[in-house]
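Student: This is model-v1.cif (mmCIF, C-alpha atoms).
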```cif
data_structure
#
loop_
_atom_site.label_atom_id
_atom_site.label_comp_id
_atom_site.auth_asym_id
_atom_site.auth_seq_id
_atom_site.Cartn_x
_atom_site.Cartn_y
_atom_site.Cartn_z
CA ALA N 73 -10.73 -3.63 -17.13
CA ALA N 74 -7.95 -1.42 -18.48
CA SER N 75 -5.53 -4.35 -18.42
CA TYR N 76 -7.69 -6.47 -20.72
CA LYS N 77 -6.49 -6.80 -24.30
CA MET N 78 -8.90 -6.11 -27.15
CA PRO N 79 -9.18 -9.40 -29.06
CA GLU N 80 -8.47 -9.52 -32.75
CA ALA N 81 -10.77 -11.38 -35.14
CA LEU N 82 -9.19 -14.64 -36.26
CA ASP N 83 -8.21 -14.80 -39.92
CA ALA N 84 -8.29 -17.96 -42.03
CA GLY N 85 -4.86 -19.02 -40.80
CA GLY N 86 -5.83 -18.53 -37.17
CA LEU N 87 -9.04 -20.50 -37.59
CA ALA N 88 -7.15 -23.36 -39.22
CA ARG N 89 -4.53 -23.36 -36.47
CA ILE N 90 -7.16 -23.63 -33.73
CA ARG N 91 -9.23 -26.21 -35.62
CA ASP N 92 -6.12 -28.35 -36.12
CA GLY N 93 -5.22 -27.80 -32.48
CA PHE N 94 -8.52 -29.30 -31.32
CA ALA N 95 -7.91 -32.35 -33.51
CA ALA N 96 -4.34 -32.71 -32.22
CA ALA N 97 -5.61 -32.54 -28.63
CA ALA N 98 -8.13 -35.29 -29.40
CA ARG N 99 -5.35 -37.49 -30.81
CA ARG N 100 -3.27 -36.93 -27.68
CA ALA N 101 -6.24 -37.81 -25.48
CA GLY N 102 -6.63 -41.08 -27.36
CA THR N 103 -2.92 -41.87 -27.06
CA ALA N 104 -3.11 -41.13 -23.33
CA GLY N 105 -5.92 -43.68 -22.96
CA PHE N 106 -8.98 -41.51 -22.45
CA ASP N 107 -12.27 -43.19 -23.38
CA VAL N 108 -14.45 -40.05 -23.64
CA ILE N 109 -13.69 -36.45 -24.60
CA GLU N 110 -15.83 -33.33 -24.58
CA ILE N 111 -15.70 -30.30 -26.88
CA HIS N 112 -16.22 -27.21 -24.73
CA SER N 113 -18.45 -24.72 -26.56
CA ALA N 114 -19.98 -23.09 -23.49
CA HIS N 115 -19.33 -20.47 -20.81
CA GLY N 116 -17.97 -17.69 -22.99
CA TYR N 117 -14.95 -19.62 -24.25
CA LEU N 118 -13.88 -19.36 -27.89
CA LEU N 119 -16.41 -21.65 -29.57
CA ASN N 120 -19.20 -20.08 -27.52
CA GLN N 121 -17.99 -16.66 -28.67
CA PHE N 122 -18.61 -17.72 -32.26
CA LEU N 123 -22.06 -19.13 -31.46
CA SER N 124 -23.58 -16.28 -29.47
CA PRO N 125 -24.83 -13.07 -31.08
CA ALA N 126 -23.86 -11.40 -27.79
CA ALA N 127 -20.20 -11.92 -28.67
CA ASN N 128 -19.93 -12.63 -32.40
CA TRP N 129 -19.84 -9.37 -34.36
CA ARG N 130 -18.09 -10.79 -37.43
CA THR N 131 -19.30 -9.78 -40.87
CA ASP N 132 -17.79 -12.66 -42.86
CA THR N 133 -19.07 -16.22 -43.31
CA TYR N 134 -18.45 -16.90 -39.60
CA GLY N 135 -20.78 -14.17 -38.33
CA GLY N 136 -24.30 -12.89 -38.70
CA SER N 137 -26.80 -15.68 -39.30
CA LEU N 138 -27.16 -18.68 -37.00
CA ALA N 139 -25.71 -20.93 -39.71
CA ASN N 140 -22.66 -18.69 -40.01
CA ARG N 141 -22.15 -18.45 -36.25
CA MET N 142 -22.30 -22.25 -35.95
CA ARG N 143 -19.88 -22.76 -38.81
CA PHE N 144 -16.57 -22.76 -36.93
CA PRO N 145 -17.72 -24.80 -33.89
CA LEU N 146 -19.13 -27.39 -36.31
CA GLU N 147 -15.87 -27.43 -38.26
CA VAL N 148 -14.10 -28.15 -34.97
CA ALA N 149 -16.55 -30.95 -34.18
CA GLU N 150 -15.91 -32.49 -37.60
CA ALA N 151 -12.15 -32.27 -37.13
CA VAL N 152 -12.30 -33.88 -33.69
CA ARG N 153 -14.67 -36.64 -34.76
CA GLY N 154 -12.42 -37.32 -37.72
CA VAL N 155 -9.53 -38.35 -35.48
CA TRP N 156 -11.43 -39.69 -32.46
CA PRO N 157 -12.19 -43.45 -32.64
CA GLU N 158 -15.75 -44.14 -33.77
CA HIS N 159 -16.39 -46.47 -30.82
CA ASN N 160 -15.34 -43.80 -28.28
CA PRO N 161 -18.03 -41.33 -27.16
CA LEU N 162 -17.68 -37.67 -28.08
CA PHE N 163 -19.53 -35.14 -25.94
CA ALA N 164 -20.08 -31.41 -26.52
CA ARG N 165 -20.72 -28.92 -23.76
CA ILE N 166 -22.98 -26.00 -24.60
CA SER N 167 -24.46 -22.96 -22.95
CA ALA N 168 -28.06 -23.73 -23.79
CA THR N 169 -28.99 -20.09 -23.18
CA ASP N 170 -27.05 -16.89 -22.64
CA TRP N 171 -29.72 -15.61 -20.22
CA ILE N 172 -29.48 -12.38 -22.27
CA ASP N 173 -32.24 -10.73 -24.29
CA GLY N 174 -31.29 -11.07 -27.93
CA GLY N 175 -28.63 -13.65 -27.12
CA TRP N 176 -28.32 -17.38 -27.69
CA THR N 177 -31.52 -19.30 -26.96
CA VAL N 178 -32.70 -22.82 -26.19
CA GLU N 179 -34.18 -22.94 -29.69
CA ASP N 180 -30.73 -22.15 -31.10
CA SER N 181 -29.28 -24.91 -28.91
CA ILE N 182 -31.68 -27.48 -30.33
CA ILE N 183 -30.62 -26.59 -33.86
CA TYR N 184 -26.94 -26.67 -32.86
CA ALA N 185 -27.41 -30.02 -31.13
CA LYS N 186 -28.99 -31.49 -34.26
CA GLU N 187 -26.02 -30.31 -36.31
CA LEU N 188 -23.56 -31.73 -33.79
CA LYS N 189 -25.44 -35.03 -33.82
CA ALA N 190 -25.18 -35.15 -37.62
CA ARG N 191 -21.41 -34.82 -37.24
CA GLY N 192 -21.08 -37.71 -34.82
CA VAL N 193 -21.39 -36.05 -31.42
CA ASP N 194 -22.99 -38.54 -29.04
CA LEU N 195 -24.16 -36.39 -26.11
CA ILE N 196 -24.84 -32.72 -25.32
CA HIS N 197 -23.79 -31.47 -21.89
CA CYS N 198 -26.24 -28.65 -21.13
CA SER N 199 -24.98 -25.75 -19.06
CA SER N 200 -25.71 -22.04 -19.58
CA GLY N 201 -24.39 -18.49 -19.45
CA GLY N 202 -20.94 -17.10 -19.97
CA PHE N 203 -21.25 -13.48 -21.06
CA ASP N 204 -21.55 -10.19 -19.21
CA GLY N 205 -25.16 -9.14 -18.77
CA ALA N 206 -26.52 -12.63 -18.15
CA LYS N 207 -29.48 -12.82 -15.78
CA PRO N 208 -29.77 -16.50 -14.82
CA GLN N 209 -32.59 -17.68 -12.60
CA VAL N 210 -30.35 -19.65 -10.26
CA GLY N 211 -31.78 -22.30 -7.96
CA ALA N 212 -31.76 -26.02 -7.35
CA LEU N 213 -31.89 -27.95 -10.65
CA TYR N 214 -32.24 -24.65 -12.54
CA GLN N 215 -30.55 -25.96 -15.70
CA VAL N 216 -32.37 -29.30 -15.90
CA PRO N 217 -35.16 -27.87 -18.13
CA LEU N 218 -32.45 -26.88 -20.63
CA SER N 219 -31.24 -30.48 -20.80
CA ALA N 220 -34.81 -31.75 -21.16
CA ALA N 221 -35.57 -29.32 -24.00
CA VAL N 222 -32.42 -30.19 -25.96
CA ARG N 223 -32.86 -33.93 -25.34
CA ARG N 224 -36.39 -33.95 -26.68
CA GLY N 225 -35.97 -31.29 -29.35
CA ALA N 226 -32.81 -32.71 -30.92
CA GLU N 227 -33.46 -36.34 -30.01
CA ILE N 228 -29.96 -36.75 -28.62
CA PRO N 229 -28.71 -37.92 -25.20
CA THR N 230 -27.93 -35.09 -22.77
CA ALA N 231 -26.16 -34.48 -19.48
CA ALA N 232 -27.77 -32.27 -16.85
CA VAL N 233 -25.68 -30.08 -14.53
CA GLY N 234 -26.11 -27.23 -12.07
CA LEU N 235 -26.95 -27.34 -8.36
CA ILE N 236 -27.74 -31.06 -8.44
CA THR N 237 -26.65 -32.14 -4.98
CA THR N 238 -28.51 -35.25 -3.82
CA ALA N 239 -28.84 -38.81 -5.07
CA GLN N 240 -32.62 -38.50 -5.13
CA GLN N 241 -32.45 -35.38 -7.29
CA ALA N 242 -30.15 -37.12 -9.75
CA GLU N 243 -32.33 -40.21 -9.85
CA SER N 244 -35.51 -38.20 -10.42
CA ILE N 245 -33.94 -36.35 -13.36
CA LEU N 246 -32.99 -39.62 -15.02
CA ALA N 247 -36.35 -41.23 -14.26
CA ALA N 248 -38.22 -38.28 -15.79
CA GLY N 249 -36.23 -38.58 -19.01
CA ASP N 250 -34.80 -35.08 -18.63
CA ALA N 251 -31.20 -36.30 -19.05
CA ASP N 252 -29.14 -39.43 -19.63
CA LEU N 253 -26.19 -38.45 -17.44
CA ILE N 254 -25.78 -36.30 -14.33
CA ALA N 255 -22.74 -34.03 -14.08
CA LEU N 256 -21.41 -32.78 -10.76
CA ALA N 257 -18.86 -30.07 -10.03
CA ARG N 258 -18.88 -28.35 -6.64
CA GLN N 259 -20.77 -31.21 -5.03
CA ALA N 260 -18.08 -33.66 -6.13
CA LEU N 261 -15.44 -31.37 -4.67
CA GLU N 262 -17.36 -31.18 -1.40
CA ASP N 263 -17.83 -34.98 -1.34
CA PRO N 264 -15.34 -36.90 -3.51
CA ASN N 265 -17.17 -40.12 -2.65
CA TRP N 266 -20.55 -38.76 -3.79
CA ALA N 267 -21.19 -41.60 -6.26
CA LEU N 268 -20.49 -44.28 -3.64
CA HIS N 269 -22.70 -42.54 -1.11
CA ALA N 270 -25.45 -42.23 -3.74
CA GLN N 271 -25.27 -45.94 -4.50
CA HIS N 272 -25.51 -46.72 -0.80
CA GLU N 273 -28.52 -44.43 -0.42
CA LEU N 274 -30.39 -45.68 -3.49
CA ASP N 275 -29.50 -49.39 -3.49
CA GLY N 276 -28.80 -50.08 0.19
CA GLY N 277 -27.52 -53.34 1.59
CA ASP N 278 -24.02 -54.55 2.30
CA ALA N 279 -23.35 -55.41 -1.36
CA VAL N 280 -22.76 -51.75 -2.19
CA TYR N 281 -19.57 -51.80 -0.12
CA ALA N 282 -17.95 -53.93 -2.81
CA GLY N 283 -17.41 -50.78 -4.83
CA TRP N 284 -15.29 -49.12 -2.17
CA PRO N 285 -11.50 -49.32 -2.43
CA GLN N 286 -9.86 -51.75 -0.02
#
```
What is this structure when it is put down as structure tokens?

Tutor:
Amino acid sequence: AASYKMPEALDAGGLARIRDGFAAAARRAGTAGFDVIEIHSAHGYLLNQFLSPAANWRTDTYGGSLANRMRFPLEVAEAVRGVWPEHNPLFARISATDWIDGGWTVEDSIIYAKELKARGVDLIHCSSGGFDGAKPQVGALYQVPLSAAVRRGAEIPTAAVGLITTAQQAESILAAGDADLIALARQALEDPNWALHAQHELDGGDAVYAGWPQ
């Protein structure tokens, strides 16, 4: 749109400011009492813009090759892990594919996940897309294969997300070894008590009511 501003490539000072900002945010999260944090490198946001060849047109050491495009997101992961307590889980959310020809691929995601794992990330939250021109094949459980591929390829725990709506769907994903966690968004908005209803459906019996608030 005409009102959009043309972004400027970050210089060394800008990169340092943002990297330090991620670390400062992690410190604040710890002070506030959070037990888990997640680095968002998906959906067309800044770290995803570095990763994807659909968005990263830099010609310096932060652009071009896969190693160069991963460089800044991995620097951020190192900075966050450096200030986040070792016993507290650190997740990273990724777009496992751009759904664009010539864009970021599942194979790239496996390599990225391995590098994140080496830097102390504990789980990869596998979403997808984020850039104009994406052609996702949307349907029930459509992103679960992405989680399965990253989980097996990088040998790291994953979270599956995307049109997972029922307790049985969630249970089947876990049972198949396609993910270690199930993430909900719109379904949790539609039913804030989804987890309690799922427990009632899967476990049954009066004992499940113990989890409900009095």

Student: Here's the selection I'm unsure about, the PyMOL selection byres ((chain N and resi 90) around 12); applied to the file above, which residues does it give, as a CSV table (one decimal) with C-alpha atoms, in the frame of the given file?

Tutor:
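The file below, selection15.csv, is the result:
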```
chain,number,residue,atom,x,y,z
N,82,LEU,CA,-9.2,-14.6,-36.3
N,83,ASP,CA,-8.2,-14.8,-39.9
N,84,ALA,CA,-8.3,-18.0,-42.0
N,85,GLY,CA,-4.9,-19.0,-40.8
N,86,GLY,CA,-5.8,-18.5,-37.2
N,87,LEU,CA,-9.0,-20.5,-37.6
N,88,ALA,CA,-7.2,-23.4,-39.2
N,89,ARG,CA,-4.5,-23.4,-36.5
N,91,ARG,CA,-9.2,-26.2,-35.6
N,92,ASP,CA,-6.1,-28.4,-36.1
N,93,GLY,CA,-5.2,-27.8,-32.5
N,94,PHE,CA,-8.5,-29.3,-31.3
N,95,ALA,CA,-7.9,-32.4,-33.5
N,96,ALA,CA,-4.3,-32.7,-32.2
N,97,ALA,CA,-5.6,-32.5,-28.6
N,118,LEU,CA,-13.9,-19.4,-27.9
N,119,LEU,CA,-16.4,-21.6,-29.6
N,144,PHE,CA,-16.6,-22.8,-36.9
N,145,PRO,CA,-17.7,-24.8,-33.9
N,147,GLU,CA,-15.9,-27.4,-38.3
N,148,VAL,CA,-14.1,-28.2,-35.0
N,149,ALA,CA,-16.6,-31.0,-34.2
N,151,ALA,CA,-12.2,-32.3,-37.1
N,152,VAL,CA,-12.3,-33.9,-33.7
```

Student: Between CA of Leu146 (chain N) and CA of Gly201 (chain N), what is the distance, to one decimal in Å?

Tutor: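 Computing the Euclidean distance for CA of Leu146 (chain N) and CA of Gly201 (chain N) yields 19.8 Å.
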
Student: Could you check which of N:Asn140, N:Thr169, N:Gln240, N:Ser219 is closest to Glu273 (chain N), using only C-alpha atoms?

Tutor: N:Gln240

Student: Between CA of Ala212 (chain N) and CA of Leu235 (chain N), measure the distance and give it in Å to one decimal.

Tutor: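 So the answer is 5.1 Å.
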
Student: Which residues come within 12 Å of Trp266 (chain N), counting only C-alpha atoms, excluding same-chain residues fewer than 3 positions away, as a list in words?

Tutor: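 Skipping anything fewer than 3 positions along the chain leaves Ile236, Thr237, Thr238, Ala239, Ala242, Ala255, Leu256, Ala257, Arg258, Gln259, Ala260, Leu261, Glu262, Asp263, His269, Ala270, Gln271, His272, Glu273 and Trp284 of chain N.
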
Student: May I ask which of the residues N:Pro161, N:Pro264, N:Gly136, N:Gly211 is the closest one to Ala98 (chain N), counting all atoms listed in the file?

Tutor: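 Closest residue, counting all atoms listed in the file: N:Pro161.
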
Student: Within 9 Å of Ala251 (chain N), counting all atoms listed in the file, which residues show up once you throw out same-chain ones fewer than 3 positions away? Write them as JSON, numbers by chain, please.

Tutor: {"N": [216, 219, 220, 223, 229, 230, 231, 232, 245, 246, 247, 248, 254]}

Student: Any chance you can output those residues with C-alpha atoms as a short mmCIF file (atom, residue, chain, number, x, y, z; two decimals), keeping the file's coordinate frame?

Tutor:
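Contents of the output file out_19.cif:
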```cif
data_model
loop_
_atom_site.label_atom_id
_atom_site.label_comp_id
_atom_site.auth_asym_id
_atom_site.auth_seq_id
_atom_site.Cartn_x
_atom_site.Cartn_y
_atom_site.Cartn_z
CA VAL N 216 -32.37 -29.30 -15.90
CA SER N 219 -31.24 -30.48 -20.80
CA ALA N 220 -34.81 -31.75 -21.16
CA ARG N 223 -32.86 -33.93 -25.34
CA PRO N 229 -28.71 -37.92 -25.20
CA THR N 230 -27.93 -35.09 -22.77
CA ALA N 231 -26.16 -34.48 -19.48
CA ALA N 232 -27.77 -32.27 -16.85
CA ILE N 245 -33.94 -36.35 -13.36
CA LEU N 246 -32.99 -39.62 -15.02
CA ALA N 247 -36.35 -41.23 -14.26
CA ALA N 248 -38.22 -38.28 -15.79
CA ILE N 254 -25.78 -36.30 -14.33
#
```

Student: With 12 Å as the threshold, what does the neighbourhood of (-7.4, -42.5, -24.8) contain in terms of residues, counting only C-alpha atoms? Coordinates are those of the file; answer as a ChimeraX atom specification.

Tutor: /N:97-109,155-157,159-162

Student: How would you write, as a PDB file with C-alpha atoms, in the coordinates of the input, the residues chosen by the PyMOL selection byres ((chain N and resi 203) around 9) on this structure?

Tutor:
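Generated file (out-v6.pdb):
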```
ATOM      1  CA  HIS N 115     -19.330 -20.470 -20.810  1.00  0.00           C
ATOM      2  CA  GLY N 116     -17.970 -17.690 -22.990  1.00  0.00           C
ATOM      3  CA  GLN N 121     -17.990 -16.660 -28.670  1.00  0.00           C
ATOM      4  CA  ALA N 126     -23.860 -11.400 -27.790  1.00  0.00           C
ATOM      5  CA  ALA N 127     -20.200 -11.920 -28.670  1.00  0.00           C
ATOM      6  CA  ASP N 170     -27.050 -16.890 -22.640  1.00  0.00           C
ATOM      7  CA  TRP N 171     -29.720 -15.610 -20.220  1.00  0.00           C
ATOM      8  CA  ILE N 172     -29.480 -12.380 -22.270  1.00  0.00           C
ATOM      9  CA  GLY N 201     -24.390 -18.490 -19.450  1.00  0.00           C
ATOM     10  CA  GLY N 202     -20.940 -17.100 -19.970  1.00  0.00           C
ATOM     11  CA  ASP N 204     -21.550 -10.190 -19.210  1.00  0.00           C
ATOM     12  CA  GLY N 205     -25.160  -9.140 -18.770  1.00  0.00           C
ATOM     13  CA  ALA N 206     -26.520 -12.630 -18.150  1.00  0.00           C
TER      14      ALA N 206
END
```

Student: By how many Å are CA of Cys198 (chain N) and CA of Ala168 (chain N) apart?

Tutor: 5.9 Å

Student: With distances taken over only C-alpha atoms, which residue among N:Arg143, N:Arg224, N:Arg153, N:His197 lies nearest Leu253 (chain N)?

Tutor: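 Selected residue with least distance to Leu253 (chain N): N:His197.
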
Student: Taking all atoms listed in the file into account, name the residue in N:Ile196, N:Ala139, N:Ile166, N:Val222 that is nearest to Glu179 (chain N).

Tutor: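 Closest to Glu179 (chain N), using all atoms listed in the file: N:Val222.
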
Student: Using the chain letters and numbers from this file, what does the PyMOL selection byres ((chain N and resi 138) around 10) select? Give the answer as a count of residues only.

Tutor: 17

Student: Go through N:Asp173, N:Asp132, N:Glu80, N:Glu187 one by one, measure the shortest atom-to-atom distance of each to Glu150 (chain N) using only C-alpha atoms, and give the residue with the smallest value.

Tutor: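 Of all the options, N:Glu187 lies closest to Glu150 (chain N).
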
Student: Mind writing region 199-210 of chain N to a file for me, with all heavy atoms, as a short mmCIF file (atom, residue, chain, number, x, y, z; two decimals), in the first residue's frame?

Tutor:
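File selection_18.cif, as written:
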```
data_model
loop_
_atom_site.label_atom_id
_atom_site.label_comp_id
_atom_site.auth_asym_id
_atom_site.auth_seq_id
_atom_site.Cartn_x
_atom_site.Cartn_y
_atom_site.Cartn_z
N SER N 199 4.85 -23.73 12.91
CA SER N 199 3.77 -23.13 12.14
C SER N 199 4.27 -22.99 10.70
O SER N 199 5.20 -23.69 10.29
CB SER N 199 3.39 -21.78 12.75
OG SER N 199 2.22 -21.28 12.14
N SER N 200 3.67 -22.07 9.91
CA SER N 200 4.12 -21.90 8.53
C SER N 200 3.62 -20.58 7.97
O SER N 200 2.73 -19.94 8.53
CB SER N 200 3.65 -23.06 7.64
OG SER N 200 2.24 -23.05 7.50
N GLY N 201 4.20 -20.18 6.84
CA GLY N 201 3.74 -19.01 6.11
C GLY N 201 4.15 -17.70 6.73
O GLY N 201 4.83 -17.65 7.76
N GLY N 202 3.76 -16.62 6.07
CA GLY N 202 4.03 -15.30 6.59
C GLY N 202 4.33 -14.24 5.55
O GLY N 202 4.34 -13.05 5.85
N PHE N 203 4.58 -14.68 4.31
CA PHE N 203 4.94 -13.71 3.27
C PHE N 203 3.94 -13.74 2.11
O PHE N 203 3.34 -14.78 1.82
CB PHE N 203 6.35 -13.99 2.75
CG PHE N 203 7.41 -13.84 3.79
CD1 PHE N 203 8.08 -14.95 4.28
CD2 PHE N 203 7.73 -12.60 4.31
CE1 PHE N 203 9.05 -14.83 5.26
CE2 PHE N 203 8.69 -12.46 5.29
CZ PHE N 203 9.35 -13.58 5.77
N ASP N 204 3.81 -12.59 1.45
CA ASP N 204 2.93 -12.48 0.31
C ASP N 204 3.33 -13.49 -0.77
O ASP N 204 4.52 -13.68 -1.04
CB ASP N 204 3.00 -11.05 -0.25
CG ASP N 204 1.94 -10.79 -1.30
OD1 ASP N 204 0.84 -11.36 -1.19
OD2 ASP N 204 2.22 -10.01 -2.24
N GLY N 205 2.35 -14.13 -1.35
CA GLY N 205 2.60 -15.13 -2.38
C GLY N 205 2.53 -16.55 -1.88
O GLY N 205 2.65 -17.49 -2.67
N ALA N 206 2.32 -16.71 -0.58
CA ALA N 206 2.22 -18.07 -0.01
C ALA N 206 0.98 -18.78 -0.54
O ALA N 206 -0.07 -18.17 -0.72
CB ALA N 206 2.17 -17.99 1.52
N LYS N 207 1.13 -20.07 -0.77
CA LYS N 207 0.01 -20.88 -1.24
C LYS N 207 -0.14 -22.11 -0.34
O LYS N 207 0.18 -23.24 -0.73
CB LYS N 207 0.24 -21.30 -2.70
CG LYS N 207 0.29 -20.12 -3.67
CD LYS N 207 0.56 -20.56 -5.09
CE LYS N 207 0.62 -19.36 -6.04
NZ LYS N 207 0.93 -19.78 -7.44
N PRO N 208 -0.60 -21.89 0.90
CA PRO N 208 -0.73 -23.01 1.83
C PRO N 208 -1.87 -23.94 1.43
O PRO N 208 -2.87 -23.50 0.84
CB PRO N 208 -1.04 -22.31 3.16
CG PRO N 208 -1.70 -21.03 2.75
CD PRO N 208 -1.01 -20.61 1.49
N GLN N 209 -1.71 -25.19 1.75
CA GLN N 209 -2.75 -26.19 1.51
C GLN N 209 -3.51 -26.37 2.83
O GLN N 209 -3.28 -27.30 3.59
CB GLN N 209 -2.11 -27.48 1.02
CG GLN N 209 -1.32 -27.30 -0.26
CD GLN N 209 -0.48 -28.52 -0.62
OE1 GLN N 209 -0.58 -29.56 0.01
NE2 GLN N 209 0.36 -28.37 -1.62
N VAL N 210 -4.44 -25.45 3.09
CA VAL N 210 -5.08 -25.36 4.39
C VAL N 210 -6.17 -26.42 4.54
O VAL N 210 -6.97 -26.66 3.64
CB VAL N 210 -5.69 -23.96 4.60
CG1 VAL N 210 -6.41 -23.87 5.93
CG2 VAL N 210 -4.60 -22.89 4.50
#
```
